[in-house]
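Participant: Got a structure for you, written out below as structure tokens; questions coming shortly.
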Amino acid sequence: MAPKFSTDISLFSISWDLDFWWALYPPGKVPLGVTVHVNEEDGDVNVETPSSLQWWLDFYPLLADEDKPIECTQLPGETIYVPSGWWHCVLNLETTIAVTQNYVNSNNFEFVCLDMAPGYHHKGVCRAGLLALEESYENVRQNMSCNEKNSGCSDLSRKEKRAKTQKDVDDLYHERSISGVSKSYNLWKDGFSYDINFLSMFLDKDRDHYSALWSSGNSIGQRELREWLSKLWIQKPKMRELIWKGACIALNAGKWLECLSKICAFHNLPPPTDDERLPVGTGSNPVYLVGNCVVKIFVEGGLEASLYCLGTELEFYSLLHEANSPLSKHIPKVFASGIVYLEDGSYTNSSWDGKGIPDVIAKSNLIRKKCDLDGFSFGVWGKKQLEYRNAGMPVNGSVSLPGHSSIWPYVITKRCEGNMFAELRDRLSWEDTTSLASFLGEQLRHLHLLPHPPLNISFFSDIEHELSLSEVNGCIETFNGKANTAAEWRIFTRTLTKMRKDVSSRLTKWGDPIPSKLIEKIDEYIPPDFAELLNITENFASGACKPCSWIHTDIMDDNIYMEPSSVCSTSSGTEVTALVGNGLSSDYEEVKSWCPSHILDFSDLSIGDPIFDLIPIHLDVFRGDLNLLKRALESYKLPFASNLSKDESTESGQKFSRLSYVAIAQAPAPSENAKNLCPFYSRKKITECKTDLCTSPYLPIVLHVTYPFPILANCTAHPPYFEHFPSYPFWCYCILHDDNVLGAIFSIWEELRSAKSWEEVELKVWGELNNYKGFP
């Protein structure tokens with residue numbers, strides 16, 4: 001029910017018991033006392049309105065007869081239907097029960113899609129009519145007429161236009177004051193129509209579904225909207241004309257189909273069939289299935305980010321095949337890649353293999369002085385630079401370049417046979433699922449062992465001050481060997497440290513189900529400098545010795561493909577145990593077993609700590625199942641990080657425990673004396689010794705600390721032994737992740753919402769990592 005004024009998509013209300021008093025206004029006629037606010041960034045709508053009782057008591061008596069709402073009383077057992085866009089509020093005449101339901105059908109389908117479209121002008125007009133416009137409707141109508149005729153009519157200058165708009169507003173308020181509320185509806189009466197074609201004229205053509213911020217007030221998310229339209233397209237072929245209209249409103253599907261058709265013609269691919277007109281999947285870029293090919297158009301993050309995504313992916317494929325890595329058998333083959341762009345009103349193509357600079361890009365301001373014009377100009381180290389520049393910034397605050405909204409990179413790959421794991425998850429046997437876990441561990445090992453391009457620090461000239469790297473003869477020094485490895489980690493950790501700055505506000509904004517009491521403790525838990533976390537010091541050569549690696553960062557259930565490996569044929573009554581070459585034939589009714597075949601979508605490739613890749617695998621693919629995580633680690637077999645030296649010390653001679661390590665100190669048997677000698681004794685219980693270092697009558701104390709602290713010399717019988725504790729840095733990565741990883745974690749493990757410390761959550765989710773050793 002509506003205890004205050006609101007507008008909805010079509011609504012049914014059934015009175016269960018006693019009576020309701022309804023007030024209704026047609027679309028665009030805003031009730032007195034109601035104010036509509038539309039966020040210009042994401043289109044979120046906020047309606048300020050008095051309660052139903054307050055409106056009836058305070059505002060209703062002020063209305064002239066022509067301004068009063070349509071009124072009715074809903075009796076027990078009756079049903080009332082409220083059309084889309086109508087303002088309505090309900091006053092309960094007695095204590096009662098009612099059932100209400102919003103729904104979508106063929107009559108309001110386009111209005112639903114319109115409300116999901118990016119931008120804010122159309123949302124304001126849908127609710128407040130022409131009063132939502134910053135200029136008079138007459139100006140809007142004239143401008144639309146000029147645009148439709150493509151004529152050369154002269155527009156008002158910005159200054160004149162603003163002055164005229166302000167005069168219209170002043171006149172409107174003057175009319176309200178002298179003639180009553182009814183005069184404020186003149187604009188509503190003059191030309192407003194709650195018609196889909198009329199309302200669609202107010203869509204912001206410069207805002208794209210894939211790159212615009214998503215309104216938190218929308219009933220479903222962007223990915224769910226695309227998936228919904230795609231399923232409707234396949235399941236409701238008789239409604240395709242209507243579905244296409246809705247998709248053009250919500251997704252700008254017509255524009256992307258035109259780009260796709262141009263790409264297909266340029267590369268001699270068959271034109272998309274009627275079944276292939278809509279993008280598929282739930283990813284952040286338009287993806288199309290055309291015959292035996294997959295066409296992906298890069299949109300997310302704007303042109304610069306898109307170029308680095310495709311450029312890095314093509315650089316990776318080149319190195320993958322040079323190394324003859326076993327991983328190459330499980331990645332779809334690349335057929336072609338290029339750039340599609342709008343030029344002089346029509347779409348144009350150019351091929352691009354990732355090397356050099358396409359002419360259309362050379363004309364832009366994306367080229368940097370130190371860009372490699374012969375190699376992969378938009379390769380992974382350039383992408384790392386972009387990641388650093390954007391680290392810690394809000395989604396709409398990331399570095400982007402205006403004026404490049406009509407240029408898109410694209411790639412064409414071979415279409416995989418079989419089906420996504422996301423579609424098969426609930427049908428797989430435990431044996432197939434554990435086989436998948438082993439497969440992912442093995443492929444991660446191949447990925448993390450693949451050589452990456454050498455680091456050339458000179459490419460980071462525009463952030464050299466932030467990175468605080470040393471200069472040699474005016475140029476940034478290029479490090480080799482062990483020092484170069486540490487420099488890679490330095491770049492990685494500096495990016496994380498930058499992301500740390502606003503982590504508390506970011507988690508607060510995400511809100512439920514992340515416990516607020518834990519957010520308050522976040523600054524105490526995360527290290528102030530991630531170089532300390534990985535023991536990277538100013539002396540690069542003595543820092544981390546395990547190199548950074550390629551990381552996929554996005555291995556989720558919709559980026560894993562599986563093929564049928566055992567099929568039951570009902571037509572012949574025989575069982576076939578072999579890979580099916582062309583997917584499921586119509587002769588096969590039930591697949592008995594599936595095996596993993598491909599990992600998709602390498603556009604989010606980066607270089608960093610390899611354990612980053614376990615975040616989406618454990619949380620999205622395994623859904624927190626520790627048995628599957630353990631199986632994947634058994635196949636992975638690589639160490640996460642190097643152990644510190646057993647005798648490492650500081651300049652002062654004191655022994656320090658780094659944030660990511662467990663300190664095992666020899667101390668006297670438990671007693672008050674022991675607690676006095678070691679102030680940290682009471683934090684952890686005494687446990688068995690993990691080393692053979694001590695033969696004296698002392699028991700070890702395991703100290704899991706959350707801040708670096710000195711272990712005092714008088715509380716140890718032997719130098720402390722430091723062992724890497726992977727769960728701590730891993731959990732820090734989760735907290736700082738660009739996506740709401742914590743929201744997923746507290747949804748999977750609901751009992752952790754009452755956790756008293758981050759350490760408690762860390763050990764519950766990632767404690768299994770502390771038992772993993774890898775090979776020496």
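Chain lettering (A, B, ...) mirrors the order of the structure tokens, residue numbering begins at 1 for each chain separately, and ligand numbering begins at 1 in order of display.
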Per DSSP on the backbone, what are the alpha helix (DSSP H) residues of region 201-248 of chain A, as a list in words?
Facilitator: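 Of region 201-248 of chain A, only Gln222, Arg223, Glu224, Leu225, Arg226, Glu227, Trp228, Leu229, Ser230, Lys231, Leu232, Trp233, Ile234, Gln235, Arg240, Glu241, Leu242, Ile243, Trp244, Lys245, Gly246, Ala247 and Cys248 of chain A fall in alpha helix (DSSP H).
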Participant: Fewer than 3 positions away in the same chain doesn't count, so skip those; otherwise give me all residues within 7 Å of Val47 (chain A), counting only C-alpha atoms, as a list of chain:residue names.
Facilitator: A:Thr35, A:Val36, A:His37
Participant: Those residues you just picked out, can you put them in a file as a CSV table (one decimal), in the first residue's frame with N, CA, C and O atoms?
Facilitator:
```csv
chain,number,residue,atom,x,y,z
A,35,THR,N,7.2,16.9,-3.6
A,35,THR,CA,8.4,17.4,-4.3
A,35,THR,C,9.2,16.2,-4.9
A,35,THR,O,9.4,15.2,-4.1
A,36,VAL,N,9.6,16.2,-6.1
A,36,VAL,CA,10.3,15.2,-6.8
A,36,VAL,C,11.8,15.6,-7.0
A,36,VAL,O,12.0,16.7,-7.6
A,37,HIS,N,12.7,14.8,-6.5
A,37,HIS,CA,14.1,15.0,-6.7
A,37,HIS,C,14.7,13.9,-7.5
A,37,HIS,O,14.5,12.7,-7.2
```
Participant: Considering only C-alpha atoms, can you say which of A:Lys501, A:Lys630, A:Arg127, A:Arg753 comes closest to Asn770 (chain A)?
Facilitator: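 Of the candidates, the smallest distance to Asn770 (chain A) is held by A:Lys630.
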Participant: May I ask for the distance between CA of Ile80 (chain A) and CA of Thr96 (chain A), given in Å to one decimal place?
Facilitator: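 If I compute the distance from CA of Ile80 (chain A) to CA of Thr96 (chain A), I get 15.7 Å.
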Participant: Restricting the calculation to only C-alpha atoms: of A:His552, A:Arg277, A:Arg207, A:Arg623, which residue gets closest to Gly291 (chain A)?
Facilitator: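 Checking each candidate against Gly291 (chain A), we get A:Arg277 as the closest.
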Participant: Between A:Phe316, A:Tyr733, A:Phe335, A:Trp430, which residue has the minimum interatomic distance to Arg500 (chain A), considering only C-alpha atoms?
Facilitator: A:Tyr733
Participant: Could you name the residues that touch Phe492 (chain A) at 9 Å or less, counting only C-alpha atoms, but leaving out those on the same chain fewer than 5 positions away, as number ranges by chain?
Facilitator: A: 384, 388, 487, 497, 530-531, 548, 607-609
Participant: Would you please work out which residue, of A:Asp44, A:Glu431, A:Asp512, A:Glu442, is nearest to Leu327 (chain A) when using only C-alpha atoms?
Facilitator: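 Residue with the minimum atom-to-atom distance to Leu327 (chain A): A:Glu442.
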Participant: At a cut-off of 8 Å, using only C-alpha atoms, what residues contact region 195-201 of chain A? Leave out same-chain residues fewer than 6 positions from it and give the result as a PDB file with C-alpha atoms, in the first residue's frame.
Facilitator:
```pdb
ATOM      1  CA  GLU A 110       8.136  -0.287 -22.528  1.00  0.00           C
ATOM      2  CA  PHE A 111       7.484   1.916 -19.493  1.00  0.00           C
ATOM      3  CA  LEU A 114      12.144   3.374 -19.847  1.00  0.00           C
ATOM      4  CA  HIS A 122      13.070  11.206 -18.550  1.00  0.00           C
ATOM      5  CA  VAL A 125       9.275  14.029 -16.686  1.00  0.00           C
ATOM      6  CA  CYS A 126       7.620  10.641 -16.061  1.00  0.00           C
ATOM      7  CA  ILE A 249      15.011   2.187 -24.780  1.00  0.00           C
TER       8      ILE A 249
END
```
Participant: CA of Pro528 (chain A) to CA of Val503 (chain A): how many Å, to one decimal?
Facilitator: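 These two atoms are separated by 11.8 Å.
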Participant: In Å to one decimal, how far is CA of Val280 (chain A) from CA of His330 (chain A)?
Facilitator: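 So the two atoms, CA of His330 (chain A) and CA of Val280 (chain A), lie 21.1 Å apart.
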Participant: List the neighbours of Leu310 (chain A) out to 8 Å using only C-alpha atoms; skip same-chain residues closer than 3 positions along the sequence, and give me the result as a PyMOL selection string.
Facilitator: chain A and resi 298+306-307+313-314+354+409-411+603
Participant: Do a neighbour search on Asp42 (chain A) at 10 Å with only C-alpha atoms, toss out local chain neighbours closer than 4 positions, and write the hits as a VMD selection string.
Facilitator: chain A and resid 38 118 to 120 212 to 217 396
